[in-house]
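**Q** Below is structure-v1.tsv; it holds TSV, C-alpha atoms (C1' of nucleotides).
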```tsv
chain	number	residue	atom	x	y	z
A	1	MET	CA	95.64	66.10	139.14
A	2	ARG	CA	93.59	62.96	139.41
A	3	LEU	CA	95.08	59.74	140.75
A	4	THR	CA	93.66	56.51	139.44
A	5	THR	CA	94.74	53.12	138.20
A	6	LYS	CA	94.57	54.58	134.71
A	7	GLY	CA	97.57	56.77	135.43
A	8	ARG	CA	99.34	53.88	137.11
A	9	PHE	CA	98.79	51.65	134.09
A	10	ALA	CA	100.24	54.37	131.90
A	11	VAL	CA	103.34	54.72	134.06
A	12	THR	CA	103.84	50.96	134.17
A	13	ALA	CA	103.51	50.71	130.41
A	14	MET	CA	105.89	53.62	129.82
A	15	LEU	CA	108.39	52.01	132.13
A	16	ASP	CA	108.19	48.77	130.18
A	17	LEU	CA	108.72	50.78	127.02
A	18	ALA	CA	111.69	52.68	128.45
A	19	LEU	CA	113.42	49.46	129.44
A	20	ARG	CA	113.08	47.92	125.98
A	21	GLU	CA	113.24	50.63	123.40
A	22	ALA	CA	116.99	50.11	122.94
A	23	ASN	CA	116.27	47.40	120.38
A	24	GLY	CA	113.78	49.31	118.26
A	25	PRO	CA	110.09	50.08	118.59
A	26	VAL	CA	108.16	48.22	121.27
A	27	THR	CA	104.77	46.74	120.35
A	28	LEU	CA	101.68	47.22	122.44
A	29	ALA	CA	101.02	43.49	122.13
A	30	GLY	CA	104.29	42.90	123.97
A	31	ILE	CA	103.52	45.38	126.71
A	32	SER	CA	100.05	43.91	127.02
A	33	GLU	CA	101.49	40.45	127.53
A	34	ARG	CA	104.25	41.42	129.94
A	35	GLN	CA	102.22	43.86	132.03
A	36	HIS	CA	98.84	42.13	131.81
A	37	ILE	CA	97.00	45.16	130.48
A	38	SER	CA	94.35	44.73	127.80
A	39	LEU	CA	95.63	45.59	124.33
A	40	SER	CA	92.66	47.80	123.44
A	41	TYR	CA	93.04	49.70	126.65
A	42	LEU	CA	96.74	50.24	125.93
A	43	GLU	CA	95.81	51.58	122.52
A	44	GLN	CA	93.61	54.19	124.16
A	45	LEU	CA	96.33	55.19	126.58
A	46	PHE	CA	99.05	55.38	123.96
A	47	GLY	CA	96.80	57.43	121.70
A	48	LYS	CA	96.78	60.05	124.40
A	49	LEU	CA	100.47	59.70	125.16
A	50	ARG	CA	101.24	60.19	121.49
A	51	ARG	CA	99.05	63.28	121.21
A	52	ARG	CA	100.92	64.75	124.16
A	53	GLU	CA	104.16	63.89	122.38
A	54	LEU	CA	105.51	61.62	125.08
A	55	VAL	CA	105.88	58.72	122.65
A	56	GLU	CA	106.29	58.31	118.92
A	57	SER	CA	104.69	55.59	116.85
A	58	VAL	CA	106.04	53.57	113.94
A	59	ARG	CA	103.34	51.96	111.83
A	60	GLY	CA	103.43	48.78	109.87
A	61	PRO	CA	105.08	45.47	110.66
A	62	GLY	CA	108.12	45.83	112.87
A	63	GLY	CA	106.58	49.02	114.19
A	64	GLY	CA	105.59	49.96	117.71
A	65	TYR	CA	106.26	52.83	120.07
A	66	CYS	CA	109.38	54.68	121.20
A	67	LEU	CA	109.84	57.36	123.83
A	68	ALA	CA	109.70	60.79	122.23
A	69	ARG	CA	112.40	62.03	124.61
A	70	ALA	CA	115.08	60.58	126.85
A	71	ALA	CA	113.73	58.65	129.83
A	72	HIS	CA	115.18	61.27	132.16
A	73	ASP	CA	113.17	63.99	130.42
A	74	ILE	CA	109.77	62.37	130.87
A	75	THR	CA	108.24	62.89	134.29
A	76	VAL	CA	105.59	60.79	135.94
A	77	ALA	CA	103.46	63.92	136.29
A	78	GLU	CA	103.43	64.36	132.51
A	79	ILE	CA	102.35	60.78	131.94
A	80	ILE	CA	99.49	61.00	134.41
A	81	CYS	CA	98.29	64.35	133.09
A	82	ALA	CA	98.35	62.94	129.57
A	83	VAL	CA	96.00	60.05	130.27
A	84	ASP	CA	93.82	61.42	133.08
A	85	GLU	CA	92.16	64.19	131.18
A	86	PRO	CA	91.73	67.57	132.82
A	87	LEU	CA	88.30	67.37	134.48
A	88	ASP	CA	89.12	71.08	134.74
A	89	ALA	CA	89.04	72.58	138.22
A	90	THR	CA	90.00	70.06	140.86
A	91	GLN	CA	88.13	72.25	143.32
A	92	CYS	CA	86.01	75.38	143.35
A	93	GLY	CA	87.06	76.72	139.95
A	94	GLY	CA	88.63	79.84	141.39
A	95	LYS	CA	85.45	81.86	141.39
A	96	GLU	CA	82.35	79.81	141.96
A	97	ASN	CA	80.78	77.63	144.67
A	98	CYS	CA	83.03	78.72	147.52
A	99	ARG	CA	81.63	81.98	148.83
A	100	ASP	CA	81.82	83.70	152.22
A	101	GLU	CA	84.70	83.56	154.65
A	102	HIS	CA	85.17	79.81	154.39
A	103	ARG	CA	86.20	80.18	150.83
A	104	CYS	CA	89.87	80.99	151.12
A	105	MET	CA	90.44	78.58	153.99
A	106	THR	CA	89.72	75.43	152.06
A	107	HIS	CA	90.81	76.94	148.78
A	108	ASP	CA	94.39	77.43	149.96
A	109	LEU	CA	94.36	73.97	151.46
A	110	TRP	CA	93.45	72.23	148.21
A	111	SER	CA	95.63	74.26	145.95
A	112	GLY	CA	98.51	73.65	148.35
A	113	LEU	CA	97.85	69.93	148.25
A	114	ASN	CA	97.68	69.95	144.48
A	115	ARG	CA	101.04	71.65	144.34
A	116	VAL	CA	102.58	69.11	146.71
A	117	ILE	CA	101.35	66.20	144.61
A	118	TYR	CA	102.36	67.78	141.37
A	119	ASP	CA	105.82	68.72	142.62
A	120	HIS	CA	106.39	65.23	143.95
A	121	LEU	CA	105.45	63.58	140.67
A	122	SER	CA	107.30	66.15	138.60
A	123	ALA	CA	110.49	65.37	140.45
A	124	VAL	CA	110.34	61.74	139.32
A	125	SER	CA	111.15	60.79	135.73
A	126	LEU	CA	111.13	57.40	134.06
A	127	GLY	CA	114.91	57.59	134.25
A	128	THR	CA	114.82	58.15	138.00
A	129	LEU	CA	112.64	55.11	138.51
A	130	ILE	CA	114.93	52.93	136.43
A	131	ASP	CA	118.07	54.21	138.17
A	132	GLU	CA	116.63	53.70	141.61
A	133	HIS	CA	115.51	50.22	140.78
A	134	GLN	CA	118.86	49.24	139.32
A	135	ALA	CA	120.63	50.62	142.38
A	136	LYS	CA	118.36	48.52	144.55
A	137	GLN	CA	119.04	45.41	142.49
A	138	LYS	CA	122.75	46.05	142.78
A	139	ARG	CA	122.52	46.39	146.56
A	140	ARG	CA	120.58	43.17	146.73
A	141	ALA	CA	123.13	41.36	144.63
A	142	GLU	CA	125.98	42.63	146.80
A	143	ALA	CA	124.18	41.60	149.95
A	144	LEU	CA	123.79	38.15	148.50
A	145	ILE	CA	127.48	37.91	147.72
A	146	ASP	CA	128.40	39.18	151.18
A	147	ALA	CA	126.16	36.57	152.74
A	148	ARG	CA	127.81	33.81	150.71
A	149	ILE	CA	131.31	34.94	151.64
A	150	LEU	CA	130.31	35.11	155.28
A	151	LYS	CA	128.84	31.64	155.12
A	152	GLU	CA	131.86	30.18	153.36
A	153	SER	CA	134.34	31.72	155.75
A	154	ALA	CA	132.33	30.44	158.72
A	155	GLY	CA	132.10	27.03	157.11
A	156	THR	CA	128.59	26.40	158.42
A	157	PRO	CA	125.80	25.08	156.20
A	158	ALA	CA	122.57	27.10	156.06
A	159	ALA	CA	120.10	26.38	158.87
A	160	HIS	CA	117.34	24.50	157.03
B	1	MET	CA	93.75	58.17	150.34
B	2	ARG	CA	91.17	59.23	147.81
B	3	LEU	CA	90.65	62.87	146.95
B	4	THR	CA	87.17	63.89	145.91
B	5	THR	CA	84.62	66.62	146.46
B	6	LYS	CA	83.15	64.40	149.15
B	7	GLY	CA	86.18	64.94	151.32
B	8	ARG	CA	86.18	68.63	150.51
B	9	PHE	CA	82.54	68.94	151.50
B	10	ALA	CA	83.35	67.24	154.77
B	11	VAL	CA	86.24	69.58	155.53
B	12	THR	CA	84.15	72.63	154.66
B	13	ALA	CA	81.33	71.44	156.89
B	14	MET	CA	83.70	70.66	159.76
B	15	LEU	CA	85.22	74.10	159.42
B	16	ASP	CA	81.79	75.69	159.62
B	17	LEU	CA	81.14	73.61	162.71
B	18	ALA	CA	84.45	74.54	164.31
B	19	LEU	CA	83.76	78.24	163.85
B	20	ARG	CA	80.36	78.08	165.48
B	21	GLU	CA	80.38	75.43	168.15
B	22	ALA	CA	81.23	78.03	170.82
B	23	ASN	CA	77.51	78.75	171.26
B	24	GLY	CA	76.31	75.19	171.58
B	25	PRO	CA	75.60	72.40	169.10
B	26	VAL	CA	75.46	73.37	165.43
B	27	THR	CA	72.60	72.02	163.33
B	28	LEU	CA	73.07	70.37	159.97
B	29	ALA	CA	70.26	72.54	158.65
B	30	GLY	CA	72.40	75.58	159.43
B	31	ILE	CA	75.51	74.15	157.80
B	32	SER	CA	73.43	73.13	154.81
B	33	GLU	CA	72.16	76.67	154.40
B	34	ARG	CA	75.49	78.42	154.90
B	35	GLN	CA	77.62	76.06	152.85
B	36	HIS	CA	75.05	75.11	150.23
B	37	ILE	CA	75.36	71.39	150.80
B	38	SER	CA	72.24	69.22	150.69
B	39	LEU	CA	70.94	68.35	154.14
B	40	SER	CA	70.55	64.65	153.40
B	41	TYR	CA	74.07	64.50	152.07
B	42	LEU	CA	75.37	66.19	155.21
B	43	GLU	CA	73.54	63.60	157.28
B	44	GLN	CA	75.43	60.87	155.46
B	45	LEU	CA	78.76	62.58	155.96
B	46	PHE	CA	78.17	63.34	159.64
B	47	GLY	CA	77.04	59.79	160.23
B	48	LYS	CA	80.52	58.71	159.19
B	49	LEU	CA	82.25	61.50	161.08
B	50	ARG	CA	80.39	60.49	164.21
B	51	ARG	CA	81.26	56.82	163.84
B	52	ARG	CA	84.91	57.85	163.56
B	53	GLU	CA	84.47	59.95	166.69
B	54	LEU	CA	85.39	63.23	165.12
B	55	VAL	CA	82.07	64.82	166.11
B	56	GLU	CA	79.46	64.24	168.80
B	57	SER	CA	75.74	64.55	168.30
B	58	VAL	CA	73.05	65.96	170.54
B	59	ARG	CA	69.56	64.81	169.65
B	60	GLY	CA	66.29	66.58	170.06
B	61	PRO	CA	65.40	70.25	169.63
B	62	GLY	CA	68.34	72.54	170.37
B	63	GLY	CA	70.60	69.67	169.41
B	64	GLY	CA	73.15	69.41	166.63
B	65	TYR	CA	76.80	68.49	166.35
B	66	CYS	CA	79.93	69.47	168.25
B	67	LEU	CA	83.56	68.61	167.60
B	68	ALA	CA	84.59	65.59	169.61
B	69	ARG	CA	88.03	67.14	170.20
B	70	ALA	CA	89.66	70.55	170.04
B	71	ALA	CA	89.92	71.99	166.53
B	72	HIS	CA	93.70	71.73	166.73
B	73	ASP	CA	93.45	68.01	167.38
B	74	ILE	CA	91.42	67.15	164.29
B	75	THR	CA	93.44	66.87	161.12
B	76	VAL	CA	92.19	67.22	157.58
B	77	ALA	CA	93.56	63.76	156.85
B	78	GLU	CA	91.30	62.26	159.52
B	79	ILE	CA	88.24	63.96	158.10
B	80	ILE	CA	88.92	62.78	154.59
B	81	CYS	CA	89.67	59.23	155.66
B	82	ALA	CA	86.44	59.19	157.65
B	83	VAL	CA	84.15	60.00	154.72
B	84	ASP	CA	86.08	58.53	151.77
B	85	GLU	CA	85.95	54.93	152.74
B	86	PRO	CA	89.00	52.77	152.29
B	87	LEU	CA	88.62	51.30	148.80
B	88	ASP	CA	91.35	49.11	150.27
B	89	ALA	CA	94.70	49.17	148.54
B	90	THR	CA	95.29	52.33	146.60
B	91	GLN	CA	97.63	50.34	144.38
B	92	CYS	CA	98.70	46.77	143.87
B	93	GLY	CA	97.55	45.49	147.26
B	94	GLY	CA	101.06	44.69	148.38
B	95	LYS	CA	101.17	41.25	146.85
B	96	GLU	CA	99.07	40.90	143.74
B	97	ASN	CA	98.93	42.29	140.20
B	98	CYS	CA	102.43	43.71	140.09
B	99	ARG	CA	104.76	40.89	139.20
B	100	ASP	CA	108.18	40.84	137.57
B	101	GLU	CA	110.90	43.48	137.90
B	102	HIS	CA	108.56	46.39	137.24
B	103	ARG	CA	106.82	45.72	140.45
B	104	CYS	CA	108.98	47.52	142.96
B	105	MET	CA	109.64	50.47	140.69
B	106	THR	CA	106.07	51.70	140.52
B	107	HIS	CA	105.23	50.30	143.92
B	108	ASP	CA	107.72	52.56	145.68
B	109	LEU	CA	106.56	55.48	143.58
B	110	TRP	CA	102.92	55.16	144.64
B	111	SER	CA	103.53	54.39	148.23
B	112	GLY	CA	105.86	57.37	148.38
B	113	LEU	CA	103.21	59.58	146.87
B	114	ASN	CA	100.63	58.29	149.31
B	115	ARG	CA	102.91	59.18	152.16
B	116	VAL	CA	103.50	62.68	150.84
B	117	ILE	CA	99.77	63.33	150.54
B	118	TYR	CA	98.99	61.85	153.89
B	119	ASP	CA	101.76	63.74	155.65
B	120	HIS	CA	100.69	66.98	154.10
B	121	LEU	CA	97.07	66.57	155.15
B	122	SER	CA	98.01	65.26	158.58
B	123	ALA	CA	100.01	68.39	159.24
B	124	VAL	CA	96.92	70.54	158.80
B	125	SER	CA	94.22	70.66	161.48
B	126	LEU	CA	90.96	72.55	161.56
B	127	GLY	CA	92.67	74.84	164.04
B	128	THR	CA	95.52	75.54	161.61
B	129	LEU	CA	93.10	76.50	158.89
B	130	ILE	CA	91.22	78.87	161.16
B	131	ASP	CA	94.41	80.45	162.50
B	132	GLU	CA	95.86	80.98	159.05
B	133	HIS	CA	92.68	82.49	157.80
B	134	GLN	CA	92.40	84.87	160.74
B	135	ALA	CA	96.01	85.94	160.28
B	136	LYS	CA	95.28	86.68	156.66
B	137	GLN	CA	92.20	88.72	157.55
B	138	LYS	CA	94.27	90.72	160.01
B	139	ARG	CA	96.92	91.47	157.41
B	140	ARG	CA	94.25	92.61	154.99
B	141	ALA	CA	92.72	94.91	157.57
B	142	GLU	CA	96.12	96.42	158.37
B	143	ALA	CA	96.88	96.98	154.71
B	144	LEU	CA	93.56	98.78	154.38
B	145	ILE	CA	94.36	101.07	157.30
B	146	ASP	CA	97.85	101.80	155.95
B	147	ALA	CA	96.39	102.71	152.58
B	148	ARG	CA	93.95	105.13	154.20
B	149	ILE	CA	96.63	106.85	156.26
B	150	LEU	CA	98.80	107.21	153.17
B	151	LYS	CA	95.95	108.73	151.20
B	152	GLU	CA	95.01	111.15	153.97
B	153	SER	CA	98.58	112.36	154.52
B	154	ALA	CA	99.03	112.94	150.78
B	155	GLY	CA	95.71	114.74	150.62
B	156	THR	CA	95.08	113.50	147.06
B	157	PRO	CA	91.79	111.89	146.05
B	158	ALA	CA	92.02	108.40	144.61
B	159	ALA	CA	92.72	108.28	140.87
B	160	HIS	CA	89.46	106.83	139.56
C	1	DC	C1'	99.11	41.22	98.51
C	2	DC	C1'	99.17	39.93	103.19
C	3	DA	C1'	99.96	40.30	107.73
C	4	DA	C1'	101.69	43.07	111.44
C	5	DA	C1'	101.24	46.81	113.65
C	6	DC	C1'	99.07	51.26	114.72
C	7	DC	C1'	94.61	54.05	114.75
C	8	DC	C1'	89.91	55.29	116.18
C	9	DG	C1'	85.19	55.70	117.64
C	10	DA	C1'	81.35	53.51	119.74
C	11	DC	C1'	79.79	50.64	123.17
C	12	DT	C1'	79.42	48.19	127.92
C	13	DG	C1'	79.13	46.80	132.92
C	14	DA	C1'	80.49	48.06	137.21
C	15	DA	C1'	81.57	51.39	140.68
C	16	DC	C1'	81.21	55.64	142.84
C	17	DC	C1'	79.56	60.31	143.55
C	18	DA	C1'	76.18	63.57	144.82
C	19	DG	C1'	71.87	63.89	146.01
C	20	DT	C1'	66.88	62.47	147.12
C	21	DC	C1'	63.23	60.18	149.58
C	22	DG	C1'	60.71	58.28	153.11
C	23	DG	C1'	60.68	56.77	156.82
C	24	DG	C1'	62.32	56.22	161.73
C	25	DT	C1'	64.02	57.73	167.00
C	26	DT	C1'	65.13	60.98	170.70
C	27	DT	C1'	64.23	65.00	173.33
C	28	DT	C1'	62.58	69.62	174.41
C	29	DT	C1'	58.93	72.68	175.00
C	30	DA	C1'	54.34	74.35	175.03
D	1	DT	C1'	50.95	64.55	176.10
D	2	DA	C1'	51.46	66.19	171.59
D	3	DA	C1'	54.01	68.69	168.40
D	4	DA	C1'	58.19	70.03	166.62
D	5	DA	C1'	63.14	70.03	166.26
D	6	DA	C1'	66.73	67.65	165.49
D	7	DC	C1'	69.42	63.46	164.55
D	8	DC	C1'	69.42	58.65	162.35
D	9	DC	C1'	69.25	55.30	158.56
D	10	DG	C1'	68.67	52.53	154.49
D	11	DA	C1'	67.16	52.37	149.80
D	12	DC	C1'	67.07	54.51	145.56
D	13	DT	C1'	68.65	57.44	141.33
D	14	DG	C1'	70.99	59.80	137.49
D	15	DG	C1'	75.23	60.95	135.95
D	16	DT	C1'	80.15	60.24	135.28
D	17	DT	C1'	84.35	57.72	135.10
D	18	DC	C1'	86.90	53.52	134.81
D	19	DA	C1'	88.45	49.49	132.63
D	20	DG	C1'	87.72	46.96	129.00
D	21	DT	C1'	85.60	45.22	124.43
D	22	DC	C1'	84.43	45.31	119.62
D	23	DG	C1'	84.67	46.19	115.00
D	24	DG	C1'	86.28	48.38	111.95
D	25	DG	C1'	89.89	51.22	109.58
D	26	DT	C1'	95.07	52.78	107.70
D	27	DT	C1'	100.02	52.22	107.01
D	28	DT	C1'	103.88	49.58	105.60
D	29	DG	C1'	107.54	45.80	105.37
D	30	DG	C1'	108.37	41.41	103.20
```
Turn this file's structure into structure tokens for me.
**A**
Amino acid sequence: MRLTTKGRFAVTAMLDLALREANGPVTLAGISERQHISLSYLEQLFGKLRRRELVESVRGPGGGYCLARAAHDITVAEIICAVDEPLDATQCGGKENCRDEHRCMTHDLWSGLNRVIYDHLSAVSLGTLIDEHQAKQKRRAEALIDARILKESAGTPAAH
Amino acid sequence: MRLTTKGRFAVTAMLDLALREANGPVTLAGISERQHISLSYLEQLFGKLRRRELVESVRGPGGGYCLARAAHDITVAEIICAVDEPLDATQCGGKENCRDEHRCMTHDLWSGLNRVIYDHLSAVSLGTLIDEHQAKQKRRAEALIDARILKESAGTPAAH
DNA sequence: CCAAACCCGACTGAACCAGTCGGGTTTTTA
DNA sequence: TAAAAACCCGACTGGTTCAGTCGGGTTTGG
């Protein structure tokens, strides 16, 4: 699993899509504008996302992209794997280049790390991200209201 | 934290060093030969490792490198950070490029991932790797002995 | 039919990786 | 004191990926 801005762009774009697909297909031009990602680059990314069946496309005017599944069923790991192509073995491909005794030592280390990363990203779906963010917004809003009530009951104007 | 073969080379080399430093400084030429890493490349890596005070150098004939601390006090995370230079912010540098509402959603995701990776690699030292590997070797040896005893007591030759 | 949208392959400049090269400097030993 | 062993260092290179561009399609609603 490679980690680059490419994967981050893809997640950002998918998030934008997830938040807007309620009112029909979302255009890449829109995502491009809102997220400041070049349109052509988005086309490349969504080509891959479509081939991996994470999104579906609707051609022609009024078209755009939709999620192929519910936001809770699309994990961040899937999105990143879709756009950051394999580059096959992330380390010594299982057989070659790591010989003698040192082999297994580092081998276990890297495969363990890979698993940790993959598990972490597999546990997060687009839905999770949206939920968490909405919960945070709600907490912020409540804090704001609490602060106002406190201020009003104290009857003191804000210090500068 | 970037993850590349550069960091893996560095860990492999440091492991080789840790296993051999008992009998004095270890030469890069030796590591190069045993681990099949180009000497000049090793020089680059060890230059960085030295500047980060993970190894100490002894110049002149009979010289080489030693660990600057005990193997248990040098973590894999330190080694990787030493050779894979910062490349500053692994994501939107804290302030820029992630604007509107989407910002925090992906921001928390990436910083969380960074922490997971870093924690995982910080929990592993050169000493850990060596210990684990030796434990595994011991288990293998015991299994071999058990198998032999079993075979002898049964008195049957191995089936092809 | 036209325009909006997707679709696609080829190209580019910059960065980084992995490695090379050609020189140093320091220190031991013969 | 000279040679050799080792570290030290900066400049260079070829290949790959990234991020983005360009120029063309094809599909389809109005």
**Q** At a cut-off of 9 Å, which residues of chain C touch chain B? Count all atoms listed in the file and give the answer as a list of chain:residue names.
**A** C:DC17, C:DA18, C:DG19, C:DT20, C:DT26, C:DT27, C:DT28, C:DT29
**Q** Report the distance between CA of Arg52 in chain A and CA of Leu3 in chain B in Å, rounded to one decimal place.
**A**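 Pair CA of Arg52 in chain A / CA of Leu3 in chain B returns 25.1 Å.
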**Q** Hand me chain B as it sits after a least-squares fit onto chain A over every Cα, paired in order, written as a CSV table (one decimal) with C-alpha atoms, in the frame of the given file.
**A**
```csv
chain,number,residue,atom,x,y,z
B,1,MET,CA,95.6,66.0,139.1
B,2,ARG,CA,93.6,62.9,139.4
B,3,LEU,CA,95.1,59.7,140.7
B,4,THR,CA,93.7,56.5,139.4
B,5,THR,CA,94.8,53.1,138.1
B,6,LYS,CA,94.6,54.6,134.7
B,7,GLY,CA,97.6,56.7,135.4
B,8,ARG,CA,99.3,53.9,137.1
B,9,PHE,CA,98.8,51.7,134.0
B,10,ALA,CA,100.2,54.4,131.9
B,11,VAL,CA,103.3,54.7,134.0
B,12,THR,CA,103.9,51.0,134.1
B,13,ALA,CA,103.5,50.8,130.3
B,14,MET,CA,105.9,53.7,129.8
B,15,LEU,CA,108.4,52.1,132.0
B,16,ASP,CA,108.2,48.8,130.1
B,17,LEU,CA,108.7,50.9,126.9
B,18,ALA,CA,111.7,52.8,128.4
B,19,LEU,CA,113.4,49.5,129.3
B,20,ARG,CA,113.1,48.0,125.9
B,21,GLU,CA,113.2,50.7,123.3
B,22,ALA,CA,117.0,50.2,122.8
B,23,ASN,CA,116.2,47.5,120.3
B,24,GLY,CA,113.8,49.4,118.2
B,25,PRO,CA,110.1,50.2,118.5
B,26,VAL,CA,108.1,48.3,121.2
B,27,THR,CA,104.8,46.8,120.3
B,28,LEU,CA,101.7,47.3,122.4
B,29,ALA,CA,101.0,43.6,122.0
B,30,GLY,CA,104.3,43.0,123.8
B,31,ILE,CA,103.5,45.4,126.6
B,32,SER,CA,100.1,44.0,126.9
B,33,GLU,CA,101.5,40.5,127.4
B,34,ARG,CA,104.3,41.5,129.8
B,35,GLN,CA,102.2,43.9,131.9
B,36,HIS,CA,98.9,42.1,131.7
B,37,ILE,CA,97.0,45.2,130.4
B,38,SER,CA,94.4,44.8,127.7
B,39,LEU,CA,95.6,45.6,124.3
B,40,SER,CA,92.7,47.8,123.4
B,41,TYR,CA,93.1,49.7,126.6
B,42,LEU,CA,96.7,50.3,125.9
B,43,GLU,CA,95.8,51.6,122.5
B,44,GLN,CA,93.6,54.2,124.1
B,45,LEU,CA,96.3,55.2,126.6
B,46,PHE,CA,99.0,55.4,123.9
B,47,GLY,CA,96.7,57.4,121.7
B,48,LYS,CA,96.7,60.1,124.4
B,49,LEU,CA,100.4,59.7,125.1
B,50,ARG,CA,101.2,60.3,121.5
B,51,ARG,CA,98.9,63.3,121.2
B,52,ARG,CA,100.8,64.8,124.1
B,53,GLU,CA,104.1,64.0,122.4
B,54,LEU,CA,105.5,61.7,125.0
B,55,VAL,CA,105.8,58.8,122.6
B,56,GLU,CA,106.2,58.4,118.9
B,57,SER,CA,104.6,55.7,116.8
B,58,VAL,CA,106.0,53.7,113.9
B,59,ARG,CA,103.3,52.0,111.8
B,60,GLY,CA,103.4,48.8,109.8
B,61,PRO,CA,105.1,45.5,110.6
B,62,GLY,CA,108.2,46.0,112.8
B,63,GLY,CA,106.6,49.1,114.1
B,64,GLY,CA,105.6,50.1,117.6
B,65,TYR,CA,106.2,52.9,120.0
B,66,CYS,CA,109.3,54.8,121.1
B,67,LEU,CA,109.8,57.5,123.7
B,68,ALA,CA,109.6,60.9,122.2
B,69,ARG,CA,112.4,62.1,124.6
B,70,ALA,CA,115.0,60.6,126.8
B,71,ALA,CA,113.7,58.7,129.8
B,72,HIS,CA,115.1,61.3,132.1
B,73,ASP,CA,113.1,64.0,130.4
B,74,ILE,CA,109.7,62.4,130.8
B,75,THR,CA,108.2,62.9,134.3
B,76,VAL,CA,105.6,60.8,135.9
B,77,ALA,CA,103.4,63.9,136.3
B,78,GLU,CA,103.4,64.4,132.5
B,79,ILE,CA,102.3,60.8,131.9
B,80,ILE,CA,99.5,61.0,134.4
B,81,CYS,CA,98.3,64.4,133.1
B,82,ALA,CA,98.3,63.0,129.6
B,83,VAL,CA,96.0,60.1,130.3
B,84,ASP,CA,93.8,61.4,133.1
B,85,GLU,CA,92.1,64.2,131.3
B,86,PRO,CA,91.7,67.5,133.0
B,87,LEU,CA,88.3,67.3,134.6
B,88,ASP,CA,88.9,71.0,134.8
B,89,ALA,CA,89.1,72.5,138.3
B,90,THR,CA,90.0,70.0,140.9
B,91,GLN,CA,88.2,72.3,143.4
B,92,CYS,CA,86.0,75.3,143.4
B,93,GLY,CA,87.1,76.6,140.0
B,94,GLY,CA,88.7,79.7,141.3
B,95,LYS,CA,85.5,81.7,141.4
B,96,GLU,CA,82.4,79.7,142.0
B,97,ASN,CA,80.9,77.6,144.7
B,98,CYS,CA,83.0,78.7,147.5
B,99,ARG,CA,81.6,81.9,148.9
B,100,ASP,CA,81.8,83.6,152.3
B,101,GLU,CA,84.7,83.5,154.7
B,102,HIS,CA,85.2,79.8,154.4
B,103,ARG,CA,86.3,80.1,150.9
B,104,CYS,CA,89.9,81.0,151.2
B,105,MET,CA,90.5,78.6,154.0
B,106,THR,CA,89.8,75.4,152.1
B,107,HIS,CA,90.9,76.9,148.8
B,108,ASP,CA,94.4,77.4,150.0
B,109,LEU,CA,94.4,73.9,151.5
B,110,TRP,CA,93.5,72.2,148.2
B,111,SER,CA,95.7,74.2,146.0
B,112,GLY,CA,98.5,73.6,148.4
B,113,LEU,CA,97.9,69.9,148.3
B,114,ASN,CA,97.7,69.9,144.5
B,115,ARG,CA,101.1,71.6,144.4
B,116,VAL,CA,102.6,69.1,146.7
B,117,ILE,CA,101.4,66.2,144.6
B,118,TYR,CA,102.4,67.8,141.4
B,119,ASP,CA,105.8,68.7,142.6
B,120,HIS,CA,106.4,65.2,143.9
B,121,LEU,CA,105.4,63.6,140.6
B,122,SER,CA,107.3,66.1,138.6
B,123,ALA,CA,110.5,65.4,140.4
B,124,VAL,CA,110.3,61.7,139.3
B,125,SER,CA,111.1,60.8,135.7
B,126,LEU,CA,111.1,57.4,134.0
B,127,GLY,CA,114.9,57.6,134.2
B,128,THR,CA,114.8,58.1,137.9
B,129,LEU,CA,112.6,55.1,138.4
B,130,ILE,CA,114.9,52.9,136.3
B,131,ASP,CA,118.1,54.2,138.1
B,132,GLU,CA,116.6,53.7,141.5
B,133,HIS,CA,115.5,50.2,140.7
B,134,GLN,CA,118.9,49.2,139.2
B,135,ALA,CA,120.6,50.6,142.3
B,136,LYS,CA,118.4,48.5,144.5
B,137,GLN,CA,119.1,45.4,142.4
B,138,LYS,CA,122.8,46.0,142.7
B,139,ARG,CA,122.6,46.3,146.5
B,140,ARG,CA,120.6,43.1,146.7
B,141,ALA,CA,123.2,41.3,144.6
B,142,GLU,CA,126.0,42.6,146.8
B,143,ALA,CA,124.2,41.5,150.0
B,144,LEU,CA,123.8,38.0,148.5
B,145,ILE,CA,127.5,37.8,147.7
B,146,ASP,CA,128.4,39.0,151.2
B,147,ALA,CA,126.2,36.5,152.8
B,148,ARG,CA,127.8,33.7,150.8
B,149,ILE,CA,131.3,34.8,151.7
B,150,LEU,CA,130.3,34.9,155.4
B,151,LYS,CA,128.9,31.4,155.2
B,152,GLU,CA,131.9,30.0,153.5
B,153,SER,CA,134.4,31.5,155.9
B,154,ALA,CA,132.4,30.2,158.9
B,155,GLY,CA,132.2,26.8,157.3
B,156,THR,CA,128.7,26.2,158.9
B,157,PRO,CA,125.8,25.0,156.9
B,158,ALA,CA,122.7,27.2,156.9
B,159,ALA,CA,120.4,26.6,159.9
B,160,HIS,CA,117.3,25.2,158.1
```
**Q** Only residues of chain D matter here; which ones have an atom within 6 Å of chain A, counting all atoms listed in the file? Give them as JSON, numbers by chain.
**A** {"D": [27, 28, 29]}
**Q** Identify which of the residues A:Gln44, A:Thr12, A:Ser153, A:Ser125 lies closest to chain B, counting all atoms listed in the file when measuring atom-to-atom distances.
**A**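 Closest candidate: A:Thr12.
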**Q** Which residue is closest to chain B? Choose from A:Leu54, A:Ile80, A:Ala71, A:Leu129 and count all atoms listed in the file.
**A** A:Leu129
**Q** Once you count all atoms listed in the file, which residues of chain B turn out to be within 8 Å of chain A? Could you give them as number ranges by chain?
**A** B: 5, 8, 11-12, 15-16, 91, 102, 104-106, 109, 113, 116-117, 120-121, 129-130, 132-133
